[in-house]
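Student: For reference, the file my_file_14.cif (mmCIF, C-alpha atoms) is included below:
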data_coords
#
loop_
_atom_site.label_atom_id
_atom_site.label_comp_id
_atom_site.auth_asym_id
_atom_site.auth_seq_id
_atom_site.Cartn_x
_atom_site.Cartn_y
_atom_site.Cartn_z
CA MET A 27 0.00 0.00 0.00
CA GLU A 28 1.58 3.27 -1.16
CA LEU A 29 1.28 6.56 0.71
CA ALA A 30 -0.89 8.19 -1.98
CA GLU A 31 -3.37 5.32 -1.79
CA LEU A 32 -3.49 5.61 1.99
CA MET A 33 -4.15 9.36 1.87
CA SER A 34 -6.79 9.12 -0.84
CA LEU A 35 -9.00 7.31 1.68
CA ARG A 36 -8.90 10.08 4.31
CA PRO A 37 -11.99 12.09 3.29
CA GLN A 38 -14.22 9.01 3.41
CA PRO A 39 -16.06 8.80 6.79
CA GLY A 40 -15.02 5.64 8.61
CA ALA A 41 -12.52 4.65 5.91
CA GLY A 42 -9.74 4.65 8.48
CA LEU A 43 -8.95 4.57 12.19
CA LEU A 44 -6.05 6.39 13.85
CA LEU A 45 -4.75 4.45 16.85
CA ASN A 46 -2.41 5.99 19.43
CA LEU A 47 -0.63 2.99 20.93
CA THR A 48 1.21 5.07 23.49
CA ARG A 49 2.20 8.62 24.40
CA ARG A 50 5.62 7.38 25.49
CA CYS A 51 8.71 8.18 23.44
CA PRO A 52 12.46 7.96 24.17
CA LEU A 53 13.23 10.92 21.90
CA HIS A 54 13.15 14.55 23.03
CA CYS A 55 12.31 16.42 19.82
CA ALA A 56 11.77 20.13 20.40
CA HIS A 57 8.80 20.25 18.00
CA CYS A 58 6.88 17.26 19.40
CA SER A 59 3.17 18.00 19.13
CA SER A 60 2.28 15.61 21.95
CA SER A 61 5.20 16.50 24.29
CA SER A 62 5.78 12.77 24.78
CA THR A 63 8.13 11.39 27.43
CA MET A 64 8.89 7.89 28.69
CA GLU A 65 6.57 8.61 31.64
CA SER A 66 3.57 9.51 29.48
CA GLU A 67 0.35 7.52 29.46
CA GLU A 68 -0.60 4.65 27.19
CA PRO A 69 -3.82 2.67 26.67
CA ASP A 70 -4.15 -0.91 27.85
CA GLY A 71 -3.04 -3.29 25.12
CA GLY A 72 -5.80 -5.81 25.85
CA ARG A 73 -8.45 -3.15 25.40
CA LEU A 74 -6.94 -2.09 22.08
CA LEU A 75 -6.94 -5.70 20.89
CA ARG A 76 -10.56 -6.14 21.97
CA PHE A 77 -11.61 -3.03 20.09
CA VAL A 78 -9.74 -3.97 16.89
CA GLY A 79 -11.18 -7.46 17.32
CA SER A 80 -14.62 -5.93 16.83
CA PHE A 81 -13.80 -5.26 13.15
CA ARG A 82 -15.82 -7.47 10.82
CA ALA A 83 -15.28 -8.29 7.17
CA ASP A 84 -18.48 -6.40 6.35
CA ASP A 85 -17.88 -3.51 8.77
CA ARG A 86 -14.30 -2.41 9.33
CA PRO A 87 -12.02 0.50 8.47
CA ASP A 88 -10.08 0.13 5.24
CA VAL A 89 -6.92 1.32 7.01
CA LEU A 90 -5.65 1.20 10.60
CA MET A 91 -2.93 3.82 11.18
CA MET A 92 -0.81 3.17 14.29
CA SER A 93 1.20 5.97 15.85
CA GLY A 94 2.09 7.48 19.22
CA GLY A 95 4.26 8.65 20.98
CA GLU A 96 6.43 5.90 19.65
CA PRO A 97 4.39 2.82 18.69
CA LEU A 98 7.44 0.60 18.25
CA LEU A 99 8.03 0.74 21.99
CA ARG A 100 5.24 -1.89 21.88
CA PRO A 101 6.33 -4.06 18.92
CA ASP A 102 4.48 -7.20 20.01
CA LEU A 103 1.28 -5.18 20.29
CA VAL A 104 1.83 -3.67 16.82
CA ALA A 105 2.16 -7.15 15.31
CA ALA A 106 -0.85 -8.49 17.21
CA LEU A 107 -3.07 -5.54 16.24
CA ALA A 108 -1.97 -5.79 12.61
CA GLY A 109 -2.77 -9.49 12.48
CA ARG A 110 -6.18 -9.01 14.06
CA ALA A 111 -7.09 -6.11 11.77
CA GLN A 112 -5.86 -7.83 8.64
CA ARG A 113 -8.00 -10.90 9.34
CA ALA A 114 -11.02 -8.63 8.94
CA GLY A 115 -9.62 -7.16 5.71
CA THR A 116 -8.16 -3.94 7.14
CA ARG A 117 -4.74 -2.83 5.94
CA CYS A 118 -2.30 -1.43 8.48
CA ALA A 119 0.17 1.45 8.45
CA LEU A 120 2.72 2.54 11.05
CA LEU A 121 4.42 5.89 11.76
CA THR A 122 7.62 5.84 13.84
CA GLY A 123 10.42 8.16 14.90
CA ALA A 124 12.89 5.26 14.37
CA PHE A 125 14.43 5.54 17.85
CA PHE A 126 15.80 2.02 17.39
CA ALA A 127 17.96 3.19 14.48
CA ALA A 128 19.95 5.66 16.60
CA ASP A 129 22.35 2.94 17.72
CA THR A 130 22.37 0.98 14.47
CA ASP A 131 24.48 3.41 12.45
CA SER A 132 26.41 0.56 10.93
CA ARG A 133 25.96 -1.37 7.73
CA ASP A 134 26.12 -4.63 9.69
CA THR A 135 23.83 -3.82 12.62
CA PRO A 136 20.40 -5.41 12.10
CA ILE A 137 17.04 -3.97 13.08
CA PRO A 138 16.09 -5.55 16.45
CA ALA A 139 14.18 -8.76 15.80
CA LYS A 140 10.95 -7.81 17.61
CA ILE A 141 10.82 -4.46 15.85
CA LEU A 142 11.49 -6.01 12.45
CA ARG A 143 8.63 -8.47 13.03
CA ALA A 144 6.33 -5.56 13.82
CA ILE A 145 7.43 -3.62 10.72
CA THR A 146 6.95 -6.56 8.38
CA ALA A 147 3.51 -7.22 9.88
CA VAL A 148 2.11 -3.94 8.54
CA ASP A 149 1.24 -2.91 4.99
CA HIS A 150 2.96 0.48 5.04
CA PHE A 151 5.88 1.85 7.08
CA SER A 152 6.54 5.57 7.61
CA VAL A 153 9.39 7.36 9.38
CA SER A 154 9.55 10.96 10.63
CA VAL A 155 12.65 12.85 9.49
CA ASP A 156 13.39 16.47 10.30
CA ALA A 157 16.07 18.64 11.86
CA PHE A 158 14.78 17.81 15.35
CA HIS A 159 14.76 14.03 14.87
CA GLU A 160 18.18 14.17 13.23
CA ARG A 161 19.71 15.46 16.47
CA GLU A 162 18.98 12.02 17.94
CA VAL A 163 18.62 9.66 14.97
CA PRO A 164 21.13 10.23 12.13
CA ARG A 165 19.67 10.62 8.65
CA ARG A 166 21.90 7.91 7.23
CA ALA A 167 20.62 5.48 9.89
CA VAL A 168 17.02 6.23 8.91
CA PHE A 169 17.84 5.76 5.23
CA ARG A 170 19.52 2.44 5.99
CA THR A 171 16.44 1.32 7.91
CA VAL A 172 14.08 2.35 5.10
CA ARG A 173 16.22 0.49 2.57
CA ARG A 174 16.01 -2.67 4.67
CA VAL A 175 12.25 -2.31 4.99
CA LEU A 176 11.88 -1.90 1.22
CA ASP A 177 14.08 -4.96 0.68
CA ALA A 178 11.73 -6.87 2.98
CA GLY A 179 8.86 -6.02 0.62
CA VAL A 180 7.08 -3.41 2.76
CA PRO A 181 6.23 -0.07 1.06
CA ALA A 182 7.76 2.88 2.94
CA SER A 183 7.44 6.65 3.08
CA LEU A 184 8.94 9.58 4.96
CA HIS A 185 7.17 12.33 6.92
CA LEU A 186 9.28 15.47 6.68
CA VAL A 187 8.95 18.72 8.61
CA GLY A 188 10.62 22.08 8.01
CA SER A 189 10.35 25.62 9.29
CA GLY A 190 8.53 26.66 6.11
CA PRO A 191 8.20 25.80 2.41
CA ASP A 192 11.44 27.65 1.57
CA ASP A 193 13.46 26.04 4.36
CA PRO A 194 16.92 25.13 2.88
CA TYR A 195 16.95 22.08 5.15
CA LEU A 196 13.87 20.72 3.40
CA THR A 197 15.33 21.42 -0.03
CA ASP A 198 18.48 19.47 0.84
CA LEU A 199 16.61 16.60 2.49
CA VAL A 200 14.10 16.16 -0.33
CA ALA A 201 16.89 16.13 -2.91
CA GLU A 202 18.83 13.51 -0.97
CA VAL A 203 15.79 11.29 -0.49
CA ARG A 204 14.96 11.38 -4.20
CA ARG A 205 18.56 10.69 -5.14
CA THR A 206 19.06 7.90 -2.58
CA PHE A 207 15.86 5.99 -3.32
CA ALA A 208 15.39 6.86 -7.01
CA ASP A 209 11.87 8.19 -6.29
CA ARG A 210 10.72 4.92 -4.75
CA VAL A 211 9.93 6.63 -1.43
CA PRO A 212 7.09 9.18 -1.29
CA MET A 213 7.24 12.08 1.17
CA LEU A 214 4.56 13.87 3.14
CA VAL A 215 5.97 17.34 3.89
CA ASN A 216 4.65 19.68 6.55
CA THR A 217 5.84 22.72 8.48
CA VAL A 218 6.27 23.19 12.21
CA ARG A 219 3.10 24.34 13.96
CA ALA A 220 2.76 26.10 17.32
CA VAL A 221 1.54 22.95 19.11
CA GLY A 222 3.02 20.90 21.95
CA ARG A 223 6.66 21.70 22.68
CA ALA A 224 6.76 24.05 19.70
CA ALA A 225 3.95 26.21 21.09
CA SER A 226 6.44 28.42 22.95
CA TRP A 227 8.74 29.11 20.00
CA ALA A 228 7.16 28.31 16.61
CA THR A 229 6.25 31.43 14.67
CA SER A 230 3.62 29.96 12.36
CA ARG A 231 0.02 30.68 13.25
CA PRO A 232 -3.21 29.26 11.82
CA VAL A 233 -4.58 31.17 8.86
CA ALA A 234 -8.22 32.14 9.37
CA PRO A 235 -10.24 31.08 6.31
CA ASP A 236 -13.03 33.09 4.74
CA PRO A 237 -16.02 31.81 6.76
CA ARG A 238 -18.41 32.64 3.93
CA ARG A 239 -16.86 29.87 1.84
CA ALA A 240 -17.45 26.17 2.37
CA LEU A 241 -14.16 24.67 3.52
CA PRO A 242 -14.71 21.00 4.45
CA CYS A 243 -12.66 19.39 7.22
CA SER A 244 -11.20 16.15 5.92
CA MET A 245 -9.68 15.46 9.36
CA ALA A 246 -13.11 14.68 10.83
CA ALA A 247 -13.52 11.53 8.73
CA TRP A 248 -11.27 9.08 10.60
CA PRO A 249 -11.99 8.31 14.28
CA VAL A 250 -9.00 8.65 16.59
CA VAL A 251 -8.27 6.50 19.66
CA ALA A 252 -6.51 8.71 22.21
CA HIS A 253 -4.04 7.65 24.89
CA ASP A 254 -6.81 7.03 27.47
CA GLY A 255 -9.04 5.02 25.13
CA THR A 256 -11.39 7.90 24.34
CA VAL A 257 -12.43 7.84 20.68
CA LEU A 258 -12.59 11.26 19.03
CA ALA A 259 -13.72 12.53 15.64
CA CYS A 260 -10.66 14.77 15.26
CA CYS A 261 -6.90 14.17 15.05
CA ASN A 262 -5.92 17.74 15.99
CA GLN A 263 -3.45 17.34 18.86
CA GLN A 264 -5.10 19.96 21.07
CA THR A 265 -8.42 18.16 20.67
CA VAL A 266 -6.86 14.77 21.40
CA ASP A 267 -5.23 16.12 24.59
CA THR A 268 -8.16 18.19 25.93
CA ARG A 269 -10.05 16.68 28.86
CA PRO A 270 -12.96 16.66 28.95
CA PRO A 271 -13.03 16.68 25.14
CA PRO A 272 -15.72 18.60 23.24
CA THR A 273 -18.95 16.61 23.34
CA HIS A 274 -19.66 17.02 19.63
CA LEU A 275 -16.21 15.57 18.80
CA THR A 276 -16.45 12.62 21.20
CA LEU A 277 -17.51 9.29 19.69
CA GLY A 278 -17.11 6.90 22.61
CA HIS A 279 -14.54 4.74 24.40
CA ILE A 280 -12.83 1.48 23.47
CA VAL A 281 -13.79 -0.11 26.82
CA VAL A 282 -17.51 -0.06 26.08
CA ASP A 283 -17.88 0.51 22.33
CA THR A 284 -17.27 -1.55 19.19
CA TRP A 285 -16.03 -0.31 15.83
CA GLU A 286 -19.59 -0.61 14.44
CA GLU A 287 -20.90 1.75 17.13
CA ILE A 288 -18.07 4.25 16.66
CA ARG A 289 -18.39 4.21 12.87
CA GLU A 290 -22.16 4.69 13.06
CA ARG A 291 -21.85 7.68 15.41
CA SER A 292 -19.20 9.26 13.21
CA SER A 293 -21.14 8.83 9.98
CA SER A 294 -24.59 9.77 11.35
CA SER A 295 -23.77 12.82 13.48
CA PRO A 296 -25.35 15.92 11.85
CA VAL A 297 -22.68 18.16 13.40
CA LEU A 298 -19.83 16.04 12.03
CA ARG A 299 -21.54 15.88 8.64
CA MET A 300 -21.58 19.69 8.53
CA ILE A 301 -17.95 19.89 9.64
CA ARG A 302 -17.00 17.48 6.85
CA THR A 303 -19.07 19.21 4.16
CA VAL A 304 -18.94 22.98 4.77
CA GLY A 305 -16.46 23.18 7.66
CA PRO A 306 -16.78 24.61 11.16
CA ALA A 307 -15.99 28.20 10.14
CA ASN A 308 -18.87 28.30 7.67
CA LEU A 309 -21.22 26.68 10.19
CA LEU A 310 -20.28 29.24 12.84
CA HIS A 311 -20.63 32.11 10.39
CA ARG A 312 -24.25 31.17 9.81
CA SER A 313 -25.11 31.55 13.49
CA ALA A 314 -22.33 33.40 15.35
CA PRO A 315 -20.17 35.35 12.87
CA GLY A 316 -17.89 36.82 15.54
CA ALA A 317 -16.82 33.36 16.73
CA THR A 318 -15.00 32.60 13.46
CA ALA A 319 -12.17 34.93 14.50
CA ARG A 320 -10.90 32.20 16.83
CA GLY A 321 -9.57 30.22 13.89
CA TYR A 322 -10.66 27.11 12.02
CA CYS A 323 -9.80 24.37 14.56
CA ALA A 324 -10.34 26.50 17.67
CA GLY A 325 -13.76 27.47 16.39
CA CYS A 326 -14.58 23.83 15.76
CA ARG A 327 -13.66 22.83 19.30
CA GLN A 328 -15.94 25.57 20.64
CA LEU A 329 -18.99 24.74 18.51
CA GLY A 330 -20.66 23.30 21.59
CA GLU A 331 -20.78 26.81 23.06
CA HIS A 332 -23.11 27.86 20.24
CA PRO A 333 -26.40 25.95 20.42
CA GLU A 334 -27.68 27.92 17.45
CA ALA A 335 -24.89 26.42 15.31
CA LEU A 336 -25.70 22.92 16.53
CA ALA A 337 -29.36 23.54 15.75
CA ILE A 338 -28.50 24.52 12.17
CA ALA A 339 -26.43 21.34 11.79
CA HIS A 340 -29.32 19.17 12.97
CA LYS A 341 -31.77 20.96 10.70
CA VAL A 342 -29.60 20.74 7.57
CA ALA A 343 -27.67 17.49 7.96
CA SER A 344 -30.01 15.03 9.69
CA GLY A 345 -31.54 12.06 7.94
CA ALA A 346 -31.08 10.83 4.39
CA ALA A 347 -30.43 14.29 2.94
CA GLY A 348 -27.55 14.86 5.37
CA ALA A 349 -26.07 11.45 4.58
CA LEU A 350 -26.22 12.20 0.84
CA LEU A 351 -24.54 15.58 1.37
CA ASP A 352 -21.78 13.91 3.42
CA ARG A 353 -21.14 11.24 0.79
CA HIS A 354 -21.07 13.81 -2.00
CA ALA A 355 -18.50 15.98 -0.20
CA ALA A 356 -16.36 12.94 0.56
CA ARG A 357 -16.49 11.82 -3.08
CA LEU A 358 -15.41 15.24 -4.35
CA GLN A 359 -12.45 15.37 -1.96
CA SER A 360 -11.44 11.80 -2.75
CA GLU A 361 -11.57 12.47 -6.50
CA ALA A 362 -9.40 15.56 -6.00
CA GLY A 363 -6.67 13.19 -4.81
CA PRO A 364 -3.93 13.16 -2.17
CA VAL A 365 -1.82 15.90 -3.77
CA THR A 366 -4.70 18.36 -3.44
CA LEU A 367 -5.18 17.27 0.17
CA VAL A 368 -1.53 17.95 0.99
CA ARG A 369 -1.61 21.33 -0.77
CA ARG A 370 -4.25 22.33 1.71
CA HIS A 371 -3.01 20.72 4.92
CA GLY A 372 0.74 20.40 4.41
CA SER A 373 3.47 22.19 2.48
CA ALA A 374 1.83 23.11 -0.83
CA ARG A 375 5.20 23.52 -2.52
CA HIS A 376 6.07 19.89 -1.78
CA ALA A 377 2.62 18.35 -2.26
CA ASP A 378 3.55 16.39 -5.41
CA LEU A 379 6.06 14.35 -3.42
CA VAL A 380 3.26 12.40 -1.78
CA ALA A 381 2.66 10.68 -5.13
CA LEU A 382 6.22 9.39 -5.59
CA GLY A 383 6.49 5.66 -6.00
CA GLY A 384 3.29 5.43 -8.02
CA ARG A 385 2.80 4.99 -11.72
CA GLU A 386 3.10 8.71 -12.38
CA THR A 387 6.17 10.08 -10.65
CA PRO A 388 6.20 13.91 -10.61
CA ARG A 389 9.38 15.69 -11.65
#
Output the file's structure as structure tokens, nothing else.

Tutor:
Amino acid sequence: MELAELMSLRPQPGAGLLLNLTRRCPLHCAHCSSSSTMESEEPDGGRLLRFVGSFRADDRPDVLMMSGGEPLLRPDLVAALAGRAQRAGTRCALLTGAFFAADTDSRDTPIPAKILRAITAVDHFSVSVDAFHEREVPRRAVFRTVRRVLDAGVPASLHLVGSGPDDPYLTDLVAEVRRTFADRVPMLVNTVRAVGRAASWATSRPVAPDPRRALPCSMAAWPVVAHDGTVLACCNQQTVDTRPPPTHLTLGHIVVDTWEEIRERSSSSPVLRMIRTVGPANLLHRSAPGATARGYCAGCRQLGEHPEALAIAHKVASGAAGALLDRHAARLQSEAGPVTLVRRHGSARHADLVALGGRETPR
């Protein structure tokens, strides 16, 4: 499964599930959005397995994306979750910071056996590479790891982060990746945001969209299992970390709910349908125009403070008409493709790199 194929599924409600295996991480990256440490929380592995075990062949996410923290701190759990999901027909992807590669900066040092078993159990393997990770995990060690993963028959990609689209570091890194892997490895490129550890120093700030325009949120399509087992409709880090989370973005909990119940709540919620079709800024503008100044995601989190906005969502997006509207918006975004998605949510200048490795390799 290539990265572009994985990302083309994102706008489809319930097409995927994001699973945080742990908030723990041995790295200390200054831009970490979750501010992970080795003392951070993590969900019970048995509960995660039970929840993934509720997938059925006729009702399951197409993709299970495992991340953290650092998911490969729990390699046996990664392999077990992948096996359970795949038996239901779900494909699995993994995003890691490659902490295990820091001490394998040698051509002869193998990937630890448990970690290699976990990597080869999934259908797609991704590694984060940026100036902050490179202070702890050398670039050449990451490249060596990716080459070994490709040789093992597992498609791989890189998640890159820079200070901005014109960052010379990104220019150098992208060129080296393309040269080293002959365009076999796609890249998802983003810029540092003022979230987590970077909140105190990052200069980028969210751009407020024109609330009069429909601007669908494609991030409200895949449920997210947070570190405490709460299932949310949003992968924004501030939403994932907020307790109690916003009621309209809360789908349930893995202790008491099955995938069928979570998927049904996600797909049938009138508020989430409106967020996915016109976006929270447009919804707020219809009922409380002044609230849109808070920003796109901040405004979404605070929708519950505006009962008039919730009332509009229920009036417009309930029932069969709302379901049809939701499906139509998802189809349009899916047809636009992963490059268009990255142009909006990542570094627009580097968006074409997400399609590397496919039949049509951009130049």

Student: Quick check, in Å to one decimal: how far apart do atom CA of A:Ala335 and atom CA of A:Val297 lie?

Tutor: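 Atom-to-atom, atom CA of A:Ala335 to atom CA of A:Val297, that is 8.8 Å.
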
Student: Check the smallest atom-to-atom distance from each of A:Gly95, A:Leu29, A:Arg205, A:Pro52 to A:Cys118 using all atoms listed in the file, then report the winner.

Tutor: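 Result for the nearest residue to A:Cys118: A:Leu29.
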
Student: Using the chain letters and numbering of this document, enumerate as JSON, numbers by chain the residues selected by the PyMOL selection byres ((chain A and resi 82) around 10).

Tutor: {"A": [78, 79, 80, 81, 83, 84, 85, 86, 87, 111, 113, 114, 115, 116, 285, 286]}

Student: Using all atoms listed in the file, determine which residues lie at most 9 Å from stretch 239-246 of chain A, disregarding the query and same-chain residues fewer than 4 positions distant; provide the list as number ranges by chain.

Tutor: A: 36-39, 235, 258-262, 275, 292, 298-309, 355-356, 359, 367

Student: So, with all atoms listed in the file as the atoms that count, which of A:Pro296, A:Leu277, A:Arg289, A:Ser154 lies closest to A:His340?

Tutor: A:Pro296

Student: Starting from the shown file, work through the PyMOL selection byres ((chain A and resi 216) around 12) and note down what comes out as JSON, numbers by chain.

Tutor: {"A": [154, 155, 156, 184, 185, 186, 187, 188, 189, 190, 191, 192, 193, 196, 213, 214, 215, 217, 218, 219, 230, 367, 368, 369, 370, 371, 372, 373, 374, 375, 376, 377, 379, 380]}

Student: Please, could you write that set of residues out with C-alpha atoms as a short mmCIF file (atom, residue, chain, number, x, y, z; two decimals), in the coordinates of the input?

Tutor:
data_model
loop_
_atom_site.label_atom_id
_atom_site.label_comp_id
_atom_site.auth_asym_id
_atom_site.auth_seq_id
_atom_site.Cartn_x
_atom_site.Cartn_y
_atom_site.Cartn_z
CA SER A 154 9.55 10.96 10.63
CA VAL A 155 12.65 12.85 9.49
CA ASP A 156 13.39 16.47 10.30
CA LEU A 184 8.94 9.58 4.96
CA HIS A 185 7.17 12.33 6.92
CA LEU A 186 9.28 15.47 6.68
CA VAL A 187 8.95 18.72 8.61
CA GLY A 188 10.62 22.08 8.01
CA SER A 189 10.35 25.62 9.29
CA GLY A 190 8.53 26.66 6.11
CA PRO A 191 8.20 25.80 2.41
CA ASP A 192 11.44 27.65 1.57
CA ASP A 193 13.46 26.04 4.36
CA LEU A 196 13.87 20.72 3.40
CA MET A 213 7.24 12.08 1.17
CA LEU A 214 4.56 13.87 3.14
CA VAL A 215 5.97 17.34 3.89
CA THR A 217 5.84 22.72 8.48
CA VAL A 218 6.27 23.19 12.21
CA ARG A 219 3.10 24.34 13.96
CA SER A 230 3.62 29.96 12.36
CA LEU A 367 -5.18 17.27 0.17
CA VAL A 368 -1.53 17.95 0.99
CA ARG A 369 -1.61 21.33 -0.77
CA ARG A 370 -4.25 22.33 1.71
CA HIS A 371 -3.01 20.72 4.92
CA GLY A 372 0.74 20.40 4.41
CA SER A 373 3.47 22.19 2.48
CA ALA A 374 1.83 23.11 -0.83
CA ARG A 375 5.20 23.52 -2.52
CA HIS A 376 6.07 19.89 -1.78
CA ALA A 377 2.62 18.35 -2.26
CA LEU A 379 6.06 14.35 -3.42
CA VAL A 380 3.26 12.40 -1.78
#

Student: Just how far from atom CA of A:Val281 is atom CA of A:Arg100, in Å to one decimal?

Tutor: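 That distance, rounded to one decimal, is 19.7 Å.
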
Student: Grab the atom CA of A:Ala339 to atom CA of A:Asp267 distance for me, in Å with one decimal place.

Tutor: 25.3 Å

Student: Any chance you could resolve the PyMOL selection byres ((chain A and resi 173) around 12) against this file and give the residues as a ChimeraX atom specification?

Tutor: /A:133,136-137,151,153,166-172,174-184,203,206-208,210-211

Student: Can you list, as a ChimeraX atom specification, every protein, DNA or RNA residue that comes within 6 Å of stretch 64-69 of chain A when you count all atoms listed in the file, leaving out same-chain residues fewer than 5 positions away?

Tutor: /A:48-52,253-255

Student: Show me, as an NGL selection string, the residues that have an atom within 8 Å of A:Leu43 when counting all atoms listed in the file, minus same-chain residues fewer than 5 positions from it.

Tutor: :A and (87 or 89-91 or 248-251)

Student: Box for stretch 182-187 of chain A - axis-aligned, 8 Å on each of the six sides, all listed atoms - centre and size in Å to one decimal, as lines of an AutoDock Vina configuration file.

Tutor:
center_x = 8.2
center_y = 10.8
center_z = 5.8
size_x = 18.1
size_y = 31.8
size_z = 21.7

Student: Can you work out which one of A:Asp70, A:Asp236, A:Asp88, A:Glu160 has the shortest atom-to-atom distance to A:Ser34, counting all atoms listed in the file?

Tutor: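 For A:Ser34, the nearest of the candidates is A:Asp88.
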